[in-house]
$ cat data.pdb   # PDB, C-alpha atoms and all ligand atoms
ATOM      1  CA  MET J  82      12.981  -9.117  -1.498
ATOM      2  CA  ASN J  83      14.432  -9.656   1.972
ATOM      3  CA  THR J  84      13.018 -12.498   4.030
ATOM      4  CA  ALA J  85      12.216 -10.319   7.049
ATOM      5  CA  ALA J  86       9.959  -8.127   4.912
ATOM      6  CA  GLU J  87       8.279 -11.164   3.343
ATOM      7  CA  ALA J  88       7.630 -12.666   6.778
ATOM      8  CA  LEU J  89       6.232  -9.378   8.080
ATOM      9  CA  LEU J  90       3.921  -8.962   5.082
ATOM     10  CA  ALA J  91       2.609 -12.506   5.566
ATOM     11  CA  GLU J  92       1.982 -11.802   9.256
ATOM     12  CA  ALA J  93       0.267  -8.517   8.449
ATOM     13  CA  GLN J  94      -2.012 -10.325   5.993
ATOM     14  CA  ALA J  95      -2.755 -12.996   8.617
ATOM     15  CA  VAL J  96      -3.938 -10.545  11.286
ATOM     16  CA  LEU J  97      -6.144  -8.387   9.021
ATOM     17  CA  ASN J  98      -9.824  -7.863   9.767
ATOM     18  CA  GLY J  99      -9.902  -9.843  12.995
ATOM     19  CA  ALA J 100      -8.582 -13.033  11.402
ATOM     20  CA  ALA J 101      -6.201 -13.842  14.273
ATOM     21  CA  PRO J 102      -7.434 -12.126  17.432
ATOM     22  CA  GLY J 103      -5.178 -12.222  20.453
ATOM     23  CA  ARG J 104      -2.421 -13.832  18.425
ATOM     24  CA  LEU J 105       0.379 -12.122  20.273
ATOM     25  CA  SER J 106       0.329 -10.258  23.521
ATOM     26  CA  ALA J 107       0.212  -6.511  23.015
ATOM     27  CA  GLU J 108       2.745  -5.462  25.629
ATOM     28  CA  GLY J 109       4.933  -2.385  25.252
ATOM     29  CA  ASP J 110       4.401   0.550  22.923
ATOM     30  CA  LEU J 111       2.362  -0.048  19.810
ATOM     31  CA  ARG J 112       3.218   1.215  16.328
ATOM     32  CA  VAL J 113       0.252   2.186  14.200
ATOM     33  CA  GLY J 114       0.197   2.925  10.479
ATOM     34  CA  VAL J 115      -2.775   4.489   8.699
ATOM     35  CA  ASP J 116      -2.988   4.443   4.891
ATOM     36  CA  LEU J 117      -5.860   6.449   3.423
ATOM     37  CA  GLY J 118      -6.038   5.173  -0.156
ATOM     38  CA  THR J 119      -8.354   5.849  -3.084
ATOM     39  CA  ALA J 120      -9.808   2.334  -2.949
ATOM     40  CA  LYS J 121      -9.230   1.265   0.639
ATOM     41  CA  MET J 122      -8.290   2.425   4.113
ATOM     42  CA  VAL J 123      -5.781   0.385   6.118
ATOM     43  CA  LEU J 124      -4.980   0.580   9.816
ATOM     44  CA  LEU J 125      -2.141  -1.717  10.859
ATOM     45  CA  VAL J 126      -0.801  -2.202  14.394
ATOM     46  CA  LEU J 127       2.650  -3.618  15.161
ATOM     47  CA  ASP J 128       4.113  -4.482  18.514
ATOM     48  CA  GLU J 129       7.118  -2.653  19.892
ATOM     49  CA  GLY J 130       9.437  -5.036  18.042
ATOM     50  CA  GLY J 131       7.709  -4.439  14.715
ATOM     51  CA  ARG J 132       5.579  -7.589  14.444
ATOM     52  CA  PRO J 133       1.993  -7.267  13.177
ATOM     53  CA  LEU J 134      -0.677  -7.629  15.878
ATOM     54  CA  ALA J 135      -3.917  -6.546  14.278
ATOM     55  CA  GLY J 136      -5.263  -4.541  11.399
ATOM     56  CA  ARG J 137      -8.216  -3.541   9.297
ATOM     57  CA  LEU J 138      -8.407  -3.144   5.517
ATOM     58  CA  TRP J 139     -11.737  -1.710   4.420
ATOM     59  CA  PRO J 140     -12.900  -0.455   1.054
ATOM     60  CA  SER J 141     -13.252   3.294   1.164
ATOM     61  CA  GLN J 142     -14.023   6.163  -1.193
ATOM     62  CA  VAL J 143     -13.054   9.101   0.973
ATOM     63  CA  VAL J 144      -9.751   9.990  -0.646
ATOM     64  CA  ARG J 145      -9.023  10.651  -4.310
ATOM     65  CA  ASP J 146      -5.436  10.807  -5.534
ATOM     66  CA  GLY J 147      -4.171  11.627  -2.061
ATOM     67  CA  LEU J 148      -6.737  14.373  -1.511
ATOM     68  CA  VAL J 149      -9.337  13.935   1.223
ATOM     69  CA  VAL J 150     -12.669  14.399  -0.589
ATOM     70  CA  ASP J 151     -14.967  13.269   2.250
ATOM     71  CA  PHE J 152     -13.471  14.435   5.542
ATOM     72  CA  ILE J 153     -16.369  13.374   7.780
ATOM     73  CA  GLY J 154     -16.622   9.990   6.071
ATOM     74  CA  ALA J 155     -12.876   9.444   6.436
ATOM     75  CA  VAL J 156     -12.902  10.295  10.146
ATOM     76  CA  ASP J 157     -15.965   8.096  10.795
ATOM     77  CA  ARG J 158     -14.456   5.089   9.089
ATOM     78  CA  LEU J 159     -11.046   5.447  10.694
ATOM     79  CA  ARG J 160     -12.665   5.892  14.094
ATOM     80  CA  GLN J 161     -14.625   2.644  13.555
ATOM     81  CA  MET J 162     -11.531   0.732  12.485
ATOM     82  CA  LYS J 163      -9.633   2.068  15.490
ATOM     83  CA  ALA J 164     -12.450   1.063  17.867
ATOM     84  CA  GLU J 165     -12.568  -2.471  16.460
ATOM     85  CA  VAL J 166      -8.815  -2.957  16.763
ATOM     86  CA  GLU J 167      -8.774  -1.452  20.255
ATOM     87  CA  ALA J 168     -11.463  -3.937  21.318
ATOM     88  CA  GLU J 169      -9.513  -6.781  19.731
ATOM     89  CA  LEU J 170      -6.225  -5.865  21.427
ATOM     90  CA  GLU J 171      -7.766  -4.522  24.640
ATOM     91  CA  ARG J 172      -5.401  -1.584  24.237
ATOM     92  CA  ALA J 173      -5.872   2.054  23.244
ATOM     93  CA  LEU J 174      -4.259   3.295  20.047
ATOM     94  CA  PRO J 175      -3.110   6.782  21.028
ATOM     95  CA  ALA J 176      -1.035   7.695  17.983
ATOM     96  CA  ALA J 177      -0.340   6.759  14.366
ATOM     97  CA  VAL J 178       1.888   7.511  11.396
ATOM     98  CA  SER J 179       0.228   8.209   8.055
ATOM     99  CA  GLY J 180       1.381   8.896   4.517
ATOM    100  CA  TYR J 181       0.713  10.763   1.310
ATOM    101  CA  PRO J 182       1.288   9.919  -2.359
ATOM    102  CA  PRO J 183       4.003  11.742  -4.317
ATOM    103  CA  GLY J 184       2.910  15.121  -5.592
ATOM    104  CA  VAL J 185       0.413  15.973  -2.858
ATOM    105  CA  PRO J 186       1.080  19.573  -1.787
ATOM    106  CA  ALA J 187       1.823  20.346   1.873
ATOM    107  CA  PRO J 188      -1.601  21.895   2.760
ATOM    108  CA  GLU J 189      -3.395  18.793   1.441
ATOM    109  CA  ARG J 190      -1.096  16.537   3.447
ATOM    110  CA  GLN J 191      -2.250  18.365   6.541
ATOM    111  CA  ALA J 192      -5.818  17.241   5.775
ATOM    112  CA  ILE J 193      -4.589  13.641   6.111
ATOM    113  CA  ALA J 194      -3.076  14.447   9.519
ATOM    114  CA  HIS J 195      -6.367  16.086  10.534
ATOM    115  CA  VAL J 196      -8.299  12.914   9.660
ATOM    116  CA  VAL J 197      -5.996  10.878  11.908
ATOM    117  CA  GLN J 198      -6.272  13.408  14.721
ATOM    118  CA  SER J 199     -10.032  13.761  14.432
ATOM    119  CA  ALA J 200     -10.318   9.970  14.654
ATOM    120  CA  GLY J 201      -8.663  10.221  18.062
ATOM    121  CA  MET J 202      -4.975   9.554  17.407
ATOM    122  CA  ASP J 203      -1.986  11.871  17.464
ATOM    123  CA  CYS J 204      -0.461  12.014  13.980
ATOM    124  CA  LEU J 205       3.190  11.421  14.827
ATOM    125  CA  ASP J 206       4.505  11.722  11.292
ATOM    126  CA  LEU J 207       3.451  11.912   7.645
ATOM    127  CA  ILE J 208       5.751   9.964   5.339
ATOM    128  CA  ASP J 209       5.703  10.034   1.543
ATOM    129  CA  GLU J 210       4.352   6.659   0.404
ATOM    130  CA  PRO J 211       7.298   5.531  -1.775
ATOM    131  CA  SER J 212       9.710   6.124   1.113
ATOM    132  CA  ALA J 213       7.417   4.101   3.392
ATOM    133  CA  ALA J 214       7.264   1.304   0.790
ATOM    134  CA  ASN J 215      11.030   1.351   0.497
ATOM    135  CA  HIS J 216      11.412   1.055   4.224
ATOM    136  CA  VAL J 217       9.941  -2.431   3.706
ATOM    137  CA  LEU J 218      11.521  -3.270   0.340
ATOM    138  CA  GLY J 219      14.974  -1.930   1.231
ATOM    139  CA  ILE J 220      15.963  -1.141  -2.363
ATOM    140  CA  SER J 221      19.163   0.833  -2.848
ATOM    141  CA  ASP J 222      18.771   1.453  -6.607
ATOM    142  CA  GLY J 223      15.786   0.914  -8.887
ATOM    143  CA  ALA J 224      12.210   2.112  -9.150
ATOM    144  CA  ILE J 225       9.091   1.437  -7.100
ATOM    145  CA  VAL J 226       5.861   1.352  -9.070
ATOM    146  CA  ASP J 227       2.781   1.591  -6.795
ATOM    147  CA  VAL J 228      -0.402   0.737  -8.672
ATOM    148  CA  GLY J 229      -3.256   1.421  -6.269
ATOM    149  CA  GLY J 230      -6.957   1.890  -6.842
ATOM    150  CA  GLY J 231      -6.832   5.266  -8.505
ATOM    151  CA  THR J 232      -3.261   6.022  -9.409
ATOM    152  CA  THR J 233       0.105   4.723 -10.471
ATOM    153  CA  GLY J 234       2.981   6.195  -8.472
ATOM    154  CA  ILE J 235       6.546   5.929  -9.735
ATOM    155  CA  ALA J 236       9.513   6.576  -7.480
ATOM    156  CA  ILE J 237      13.142   6.372  -8.534
ATOM    157  CA  ILE J 238      15.471   5.205  -5.791
ATOM    158  CA  GLU J 239      19.174   5.990  -5.755
ATOM    159  CA  GLY J 240      21.380   5.201  -2.788
ATOM    160  CA  GLY J 241      18.300   4.059  -0.849
ATOM    161  CA  GLN J 242      16.563   7.448  -1.196
ATOM    162  CA  VAL J 243      13.671   8.600  -3.356
ATOM    163  CA  VAL J 244      15.257  11.008  -5.861
ATOM    164  CA  HIS J 245      12.275  11.501  -8.155
ATOM    165  CA  SER J 246       8.601  10.630  -7.890
ATOM    166  CA  ALA J 247       5.392  11.152  -9.810
ATOM    167  CA  ASP J 248       1.786  10.021  -9.757
ATOM    168  CA  GLU J 249      -0.646   9.462 -12.648
ATOM    169  CA  ALA J 250      -4.317   8.599 -12.713
ATOM    170  CA  THR J 251      -4.500   4.965 -13.818
ATOM    171  CA  GLY J 252      -5.001   2.063 -11.411
ATOM    172  CA  GLY J 253      -7.231  -0.783 -10.267
ATOM    173  CA  THR J 254     -10.368   1.295 -10.967
ATOM    174  CA  HIS J 255      -9.549   1.160 -14.664
ATOM    175  CA  PHE J 256      -9.271  -2.639 -14.528
ATOM    176  CA  ASN J 257     -12.824  -2.682 -13.136
ATOM    177  CA  LEU J 258     -14.072  -0.345 -15.852
ATOM    178  CA  VAL J 259     -12.711  -2.429 -18.743
ATOM    179  CA  ILE J 260     -13.982  -5.681 -17.192
ATOM    180  CA  ALA J 261     -17.435  -4.143 -16.597
ATOM    181  CA  GLY J 262     -17.533  -2.914 -20.201
ATOM    182  CA  ALA J 263     -16.331  -6.176 -21.766
ATOM    183  CA  LEU J 264     -18.566  -8.503 -19.733
ATOM    184  CA  ASP J 265     -21.562  -6.185 -19.267
ATOM    185  CA  LEU J 266     -21.251  -6.141 -15.464
ATOM    186  CA  THR J 267     -21.677  -3.407 -12.878
ATOM    187  CA  TYR J 268     -18.496  -1.807 -11.556
ATOM    188  CA  GLU J 269     -18.850  -3.693  -8.257
ATOM    189  CA  GLN J 270     -19.436  -7.050  -9.953
ATOM    190  CA  ALA J 271     -16.373  -6.429 -12.125
ATOM    191  CA  GLU J 272     -14.244  -5.636  -9.077
ATOM    192  CA  ARG J 273     -15.328  -8.818  -7.293
ATOM    193  CA  LEU J 274     -14.614 -10.912 -10.382
ATOM    194  CA  LYS J 275     -11.209  -9.264 -10.808
ATOM    195  CA  GLU J 276     -10.189 -10.161  -7.272
ATOM    196  CA  THR J 277     -11.357 -13.811  -7.591
ATOM    197  CA  PRO J 278      -8.228 -15.923  -8.118
ATOM    198  CA  GLY J 279      -9.963 -18.547 -10.296
ATOM    199  CA  GLU J 280     -11.242 -15.869 -12.719
ATOM    200  CA  GLN J 281      -8.057 -13.884 -13.217
ATOM    201  CA  ALA J 282      -6.452 -16.009 -15.957
ATOM    202  CA  ARG J 283      -9.428 -15.534 -18.309
ATOM    203  CA  LEU J 284      -9.560 -11.799 -17.558
ATOM    204  CA  LEU J 285      -5.923 -11.166 -18.435
ATOM    205  CA  GLY J 286      -6.770 -10.465 -22.087
ATOM    206  CA  VAL J 287      -9.391  -7.912 -20.997
ATOM    207  CA  VAL J 288      -7.154  -6.014 -18.559
ATOM    208  CA  ARG J 289      -3.929  -6.300 -20.563
ATOM    209  CA  PRO J 290      -4.427  -2.919 -22.341
ATOM    210  CA  VAL J 291      -4.653  -1.223 -18.904
ATOM    211  CA  MET J 292      -1.455  -2.969 -17.805
ATOM    212  CA  GLU J 293       0.220  -1.843 -21.049
ATOM    213  CA  LYS J 294      -0.911   1.724 -20.414
ATOM    214  CA  ILE J 295       0.625   1.545 -16.927
ATOM    215  CA  GLY J 296       3.828   0.325 -18.586
ATOM    216  CA  THR J 297       3.888   3.327 -20.920
ATOM    217  CA  ILE J 298       3.296   5.674 -17.962
ATOM    218  CA  VAL J 299       6.254   4.063 -16.204
ATOM    219  CA  ASN J 300       8.393   4.439 -19.339
ATOM    220  CA  ARG J 301       7.579   8.116 -19.586
ATOM    221  CA  HIS J 302       8.654   8.788 -16.006
ATOM    222  CA  LEU J 303      11.835   6.726 -16.281
ATOM    223  CA  ALA J 304      13.085   8.734 -19.280
ATOM    224  CA  GLY J 305      16.447  10.256 -18.440
ATOM    225  CA  TRP J 306      17.004   8.019 -15.405
ATOM    226  CA  SER J 307      19.080   4.902 -15.231
ATOM    227  CA  VAL J 308      16.959   2.196 -13.621
ATOM    228  CA  GLY J 309      17.827  -1.513 -13.568
ATOM    229  CA  ARG J 310      14.730  -3.078 -11.986
ATOM    230  CA  LEU J 311      11.101  -2.307 -11.193
ATOM    231  CA  HIS J 312       9.593  -3.256  -7.835
ATOM    232  CA  LEU J 313       5.814  -3.444  -8.023
ATOM    233  CA  VAL J 314       3.601  -2.709  -5.011
ATOM    234  CA  GLY J 315      -0.048  -1.657  -4.539
ATOM    235  CA  GLY J 316      -3.164  -3.823  -4.701
ATOM    236  CA  ALA J 317      -3.542  -3.752  -8.495
ATOM    237  CA  CYS J 318      -0.184  -5.538  -8.817
ATOM    238  CA  ALA J 319      -1.743  -8.594  -7.137
ATOM    239  CA  PHE J 320      -3.324  -9.386 -10.527
ATOM    240  CA  PRO J 321      -1.247 -12.250 -11.990
ATOM    241  CA  GLY J 322       0.588 -11.239 -15.154
ATOM    242  CA  MET J 323       1.191  -7.636 -14.110
ATOM    243  CA  ALA J 324       4.975  -7.998 -13.734
ATOM    244  CA  GLU J 325       5.292  -9.796 -17.085
ATOM    245  CA  VAL J 326       3.307  -7.179 -19.026
ATOM    246  CA  ILE J 327       5.066  -4.209 -17.360
ATOM    247  CA  SER J 328       8.382  -5.890 -18.072
ATOM    248  CA  GLU J 329       7.472  -6.401 -21.746
ATOM    249  CA  VAL J 330       6.509  -2.751 -22.202
ATOM    250  CA  THR J 331       9.452  -1.251 -20.295
ATOM    251  CA  GLY J 332      12.135  -3.795 -21.197
ATOM    252  CA  LEU J 333      13.105  -3.945 -17.502
ATOM    253  CA  PRO J 334      12.911  -6.864 -15.082
ATOM    254  CA  ALA J 335       9.949  -6.415 -12.741
ATOM    255  CA  SER J 336       8.908  -8.257  -9.592
ATOM    256  CA  VAL J 337       5.821  -8.016  -7.403
ATOM    257  CA  ALA J 338       6.113  -7.923  -3.619
ATOM    258  CA  PRO J 339       4.108 -10.619  -1.829
ATOM    259  CA  ASP J 340       0.887  -9.055  -0.466
ATOM    260  CA  PRO J 341       1.620  -5.908  -2.512
ATOM    261  CA  GLN J 342      -1.366  -4.030  -1.047
ATOM    262  CA  LEU J 343       0.204  -4.114   2.427
ATOM    263  CA  VAL J 344       3.705  -2.861   1.619
ATOM    264  CA  THR J 345       2.975   0.847   2.095
ATOM    265  CA  PRO J 346       0.753   0.379   5.196
ATOM    266  CA  LEU J 347       3.479  -1.790   6.771
ATOM    267  CA  GLY J 348       6.118   0.825   5.947
ATOM    268  CA  LEU J 349       3.966   3.525   7.564
ATOM    269  CA  ALA J 350       3.480   1.433  10.709
ATOM    270  CA  LEU J 351       7.227   0.761  10.921
ATOM    271  CA  GLY J 352       7.731   4.520  10.821
ATOM    272  CA  ARG J 353      10.641   6.531   9.528
ATOM    273  CA  PRO J 354      13.930   4.625   9.617
ATOM    274  CA  LEU J 355      16.444   5.996  12.089
ATOM    275  CA  ALA J 356      19.372   7.840  10.560
ATOM    276  CA  ALA J 357      21.858   5.731  12.486
ATOM    277  CA  GLY J 358      21.841   2.256  13.946
ATOM    278  CA  PRO J 359      20.051  -0.879  12.766
ATOM    279  CA  SER J 360      16.584  -0.351  11.318
ATOM    280  CA  LEU J 361      13.580  -1.979  12.907
ATOM    281  CA  LEU J 362      13.399  -4.253   9.886
ATOM    282  CA  GLU J 363      16.933  -5.500  10.583
ATOM    283  CA  ALA J 364      15.927  -6.162  14.172
ATOM    284  CA  VAL J 365      12.912  -8.100  12.959
ATOM    285  CA  ALA J 366      15.199 -10.028  10.578
ATOM    286  CA  ASP J 367      16.775 -11.667  13.615
ATOM    287  CA  TRP J 368      13.360 -12.927  14.614
ATOM    288  CA  SER J 369      12.434 -14.186  11.135
ATOM    289  CA  ARG J 370      15.663 -16.208  10.923
ATOM    290  CA  SER J 371      15.086 -17.887  14.261
TER     291      SER J 371
HETATM  292  N1  LIG W 401      -6.024  -9.878  -5.401
HETATM  293  C1  LIG W 401      -6.223  -8.801  -6.167
HETATM  294  N2  LIG W 401      -6.217  -8.912  -7.514
HETATM  295  C2  LIG W 401      -6.399  -7.837  -8.293
HETATM  296  N3  LIG W 401      -6.593  -6.595  -7.827
HETATM  297  C3  LIG W 401      -6.601  -6.423  -6.508
HETATM  298  C4  LIG W 401      -6.411  -7.505  -5.602
HETATM  299  N4  LIG W 401      -6.444  -7.022  -4.333
HETATM  300  C5  LIG W 401      -6.672  -5.703  -4.446
HETATM  301  N5  LIG W 401      -6.766  -5.334  -5.743
HETATM  302  C6  LIG W 401      -7.041  -4.006  -6.294
HETATM  303  O1  LIG W 401      -6.094  -3.094  -5.765
HETATM  304  C7  LIG W 401      -6.655  -1.793  -5.720
HETATM  305  C8  LIG W 401      -6.375  -1.179  -4.355
HETATM  306  O2  LIG W 401      -5.007  -1.146  -4.158
HETATM  307  P1  LIG W 401      -4.380  -0.246  -3.007
HETATM  308  O3  LIG W 401      -4.986  -0.640  -1.721
HETATM  309  O4  LIG W 401      -2.914  -0.335  -3.152
HETATM  310  O5  LIG W 401      -4.929   1.185  -3.474
HETATM  311  P2  LIG W 401      -5.130   2.543  -2.677
HETATM  312  O6  LIG W 401      -3.931   2.785  -1.831
HETATM  313  O7  LIG W 401      -6.465   2.534  -2.012
HETATM  314  O8  LIG W 401      -5.230   3.561  -3.874
HETATM  315  P3  LIG W 401      -4.223   4.729  -4.325
HETATM  316  O9  LIG W 401      -2.839   4.269  -3.957
HETATM  317  O10 LIG W 401      -4.458   4.834  -5.786
HETATM  318  O11 LIG W 401      -4.707   5.913  -3.565
HETATM  319  C9  LIG W 401      -8.160  -1.943  -5.967
HETATM  320  O12 LIG W 401      -8.435  -1.526  -7.294
HETATM  321  C10 LIG W 401      -8.375  -3.446  -5.814
HETATM  322  O13 LIG W 401      -9.427  -3.922  -6.637
HETATM  323 MG    MG W 402      -2.046   3.562  -2.153
END
$ encode --input "data.pdb" --output "structure tokens"
Amino acid sequence: MNTAAEALLAEAQAVLNGAAPGRLSAEGDLRVGVDLGTAKMVLLVLDEGGRPLAGRLWPSQVVRDGLVVDFIGAVDRLRQMKAEVEAELERALPAAVSGYPPGVPAPERQAIAHVVQSAGMDCLDLIDEPSAANHVLGISDGAIVDVGGGTTGIAIIEGGQVVHSADEATGGTHFNLVIAGALDLTYEQAERLKETPGEQARLLGVVRPVMEKIGTIVNRHLAGWSVGRLHLVGGACAFPGMAEVISEVTGLPASVAPDPQLVTPLGLALGRPLAAGPSLLEAVADWSRS
């Protein structure tokens, strides 16, 4: 993965949830990305040059598989996140870019734009999530596997473009369910345990069958395509061992982006790459080298 993207992801992680208020001055236009996921909602703000300034990542249950299932709840939460970040930056957030998972039909995508607008921001663009992720990863050929809370998205990239994508219902939620079942915990207790670094090694045996199932889903969608490497993003890929198991099942090398949960939100905040000229990420690369 390119160093500019790694540096940006680390900065995005560092500014989340008020961790580094006032870190950089918020002069110039702001770039805002909004990711309405099945498990969490992310609002990420970058400065004009593309560097992360502030953000919020909150658990949320208002979207299922890209479909807004609780419109009022989604608007309320996004409005709260926006207000917190505005207070932190002492700047208004007038507009944002949002995204949708592969396979979400056009009318449903509009519901996502309506959430953003009803929360008080113009929705400047809606980008399909694998394209947003690839704006950060910069892959020219391979596949992006996005394992989120509810779903696994697979996107095949050729010549830097998404040429095929699909989404299937297995994700971090299923990790929680098998952990809860095996250890007799509630769903919430299982989720907390799963995300505790010191507990993950002993849970690998419990969650391995879910990882293997994700591998077989990936295999099914790769049939007929020539793919040399898998690039794993999405929060569920933060579980150590994911790349190894997926690689075993698919027979393909697999790597996990650092801070995999933030790749798509960062790509949305960066916005659609320009057709000509250096991308914002290339511009930021100059900064990360200095
Ligand atoms: N450090 C971690 N270790 C293991 N799992 C994690 C970690 N951090 C987050 N997760 C899991 O990642 C999932 C959320 O990932 P992500 O934010 O990519 O999903 P989403 O975008 O909300 O969902 P979807 O893409 O399915 O709509 C949750 O199941 C969460 O428990
Ligand atoms: Mg997601």
$ closest_atom_pairs --input "data.pdb" --of "chain J" --to "ligand MG 402 (chain W)" --cutoff "10 Å" --atoms "only C-alpha atoms and all ligand atoms" --output "tab-separated table"
residue	atom	partner	partner_atom	distance
J:Asp116	CA	W:MG402	MG	7.2
J:Leu117	CA	W:MG402	MG	7.3
J:Gly118	CA	W:MG402	MG	4.7
J:Thr119	CA	W:MG402	MG	6.8
J:Ala120	CA	W:MG402	MG	7.9
J:Lys121	CA	W:MG402	MG	8.0
J:Met122	CA	W:MG402	MG	8.9
J:Val123	CA	W:MG402	MG	9.6
J:Asp146	CA	W:MG402	MG	8.7
J:Gly147	CA	W:MG402	MG	8.3
J:Gly180	CA	W:MG402	MG	9.2
J:Tyr181	CA	W:MG402	MG	8.5
J:Pro182	CA	W:MG402	MG	7.2
J:Glu210	CA	W:MG402	MG	7.6
J:Pro211	CA	W:MG402	MG	9.6
J:Asp227	CA	W:MG402	MG	7.0
J:Val228	CA	W:MG402	MG	7.3
J:Gly229	CA	W:MG402	MG	4.8
J:Gly230	CA	W:MG402	MG	7.0
J:Gly231	CA	W:MG402	MG	8.1
J:Thr232	CA	W:MG402	MG	7.8
J:Thr233	CA	W:MG402	MG	8.7
J:Gly234	CA	W:MG402	MG	8.5
J:Gly252	CA	W:MG402	MG	9.8
J:Val314	CA	W:MG402	MG	8.9
J:Gly315	CA	W:MG402	MG	6.1
J:Gly316	CA	W:MG402	MG	7.9
J:Ala317	CA	W:MG402	MG	9.8
J:Gln342	CA	W:MG402	MG	7.7
J:Leu343	CA	W:MG402	MG	9.2
J:Val344	CA	W:MG402	MG	9.4
J:Thr345	CA	W:MG402	MG	7.1
J:Pro346	CA	W:MG402	MG	8.5
$ axis_aligned_box --input "data.pdb" --around "range 215-230 of chain J" --padding-each-side "3 Å" --output "lines of an AutoDock Vina configuration file"
center_x = 6.1
center_y = -0.6
center_z = -2.5
size_x = 32.1
size_y = 11.4
size_z = 19.4
$ atom_distance --input "data.pdb" --atom1 "CA of Gly99 in chain J" --atom2 "CA of Asp209 in chain J"
27.7 Å
$ resolve_selection --input "data.pdb" --expression "the PyMOL selection byres (((chain J and resi 205) around 7) and not hetatm)" --output "compact mmCIF listing (two decimals) with C-alpha atoms, keeping the file's coordinate frame"
# COMPACT_ATOMS: atom_id res chain seq x y z
CA ALA J 176 -1.03 7.70 17.98
CA ALA J 177 -0.34 6.76 14.37
CA VAL J 178 1.89 7.51 11.40
CA ASP J 203 -1.99 11.87 17.46
CA CYS J 204 -0.46 12.01 13.98
CA ASP J 206 4.50 11.72 11.29
$ atom_distance --input "data.pdb" --atom1 "CA of Asp248 in chain J" --atom2 "CA of Gly154 in chain J"
24.3 Å
$ atom_distance --input "data.pdb" --atom1 "CA of Val196 in chain J" --atom2 "atom O8 of ligand LIG 401 (chain W)"
16.7 Å
$ build_atoms --input "data.pdb" --residues "range 202-215 of chain J" --atoms "N, CA and C atoms" --output "tab-separated table (two decimals), in the coordinates of the input"
chain	number	residue	atom	x	y	z
J	202	MET	N	-6.38	9.94	17.25
J	202	MET	CA	-4.97	9.55	17.41
J	202	MET	C	-4.08	10.75	17.09
J	203	ASP	N	-2.99	10.88	17.84
J	203	ASP	CA	-1.99	11.87	17.46
J	203	ASP	C	-1.38	11.43	16.14
J	204	CYS	N	-1.15	12.38	15.23
J	204	CYS	CA	-0.46	12.01	13.98
J	204	CYS	C	1.02	12.31	14.19
J	205	LEU	N	1.79	11.25	14.45
J	205	LEU	CA	3.19	11.42	14.83
J	205	LEU	C	4.06	11.86	13.66
J	206	ASP	N	3.66	11.45	12.46
J	206	ASP	CA	4.50	11.72	11.29
J	206	ASP	C	3.67	11.50	10.04
J	207	LEU	N	4.03	12.18	8.97
J	207	LEU	CA	3.45	11.91	7.64
J	207	LEU	C	4.63	11.59	6.73
J	208	ILE	N	4.62	10.41	6.15
J	208	ILE	CA	5.75	9.96	5.34
J	208	ILE	C	5.27	9.84	3.89
J	209	ASP	N	6.11	10.23	2.93
J	209	ASP	CA	5.70	10.03	1.54
J	209	ASP	C	5.66	8.53	1.27
J	210	GLU	N	4.63	8.10	0.53
J	210	GLU	CA	4.35	6.66	0.40
J	210	GLU	C	5.51	5.86	-0.20
J	211	PRO	N	6.19	6.36	-1.25
J	211	PRO	CA	7.30	5.53	-1.78
J	211	PRO	C	8.41	5.33	-0.75
J	212	SER	N	8.68	6.32	0.08
J	212	SER	CA	9.71	6.12	1.11
J	212	SER	C	9.26	5.08	2.12
J	213	ALA	N	7.96	5.11	2.48
J	213	ALA	CA	7.42	4.10	3.39
J	213	ALA	C	7.53	2.71	2.76
J	214	ALA	N	7.17	2.61	1.48
J	214	ALA	CA	7.26	1.30	0.79
J	214	ALA	C	8.71	0.84	0.79
J	215	ASN	N	9.63	1.76	0.57
J	215	ASN	CA	11.03	1.35	0.50
J	215	ASN	C	11.62	1.02	1.86
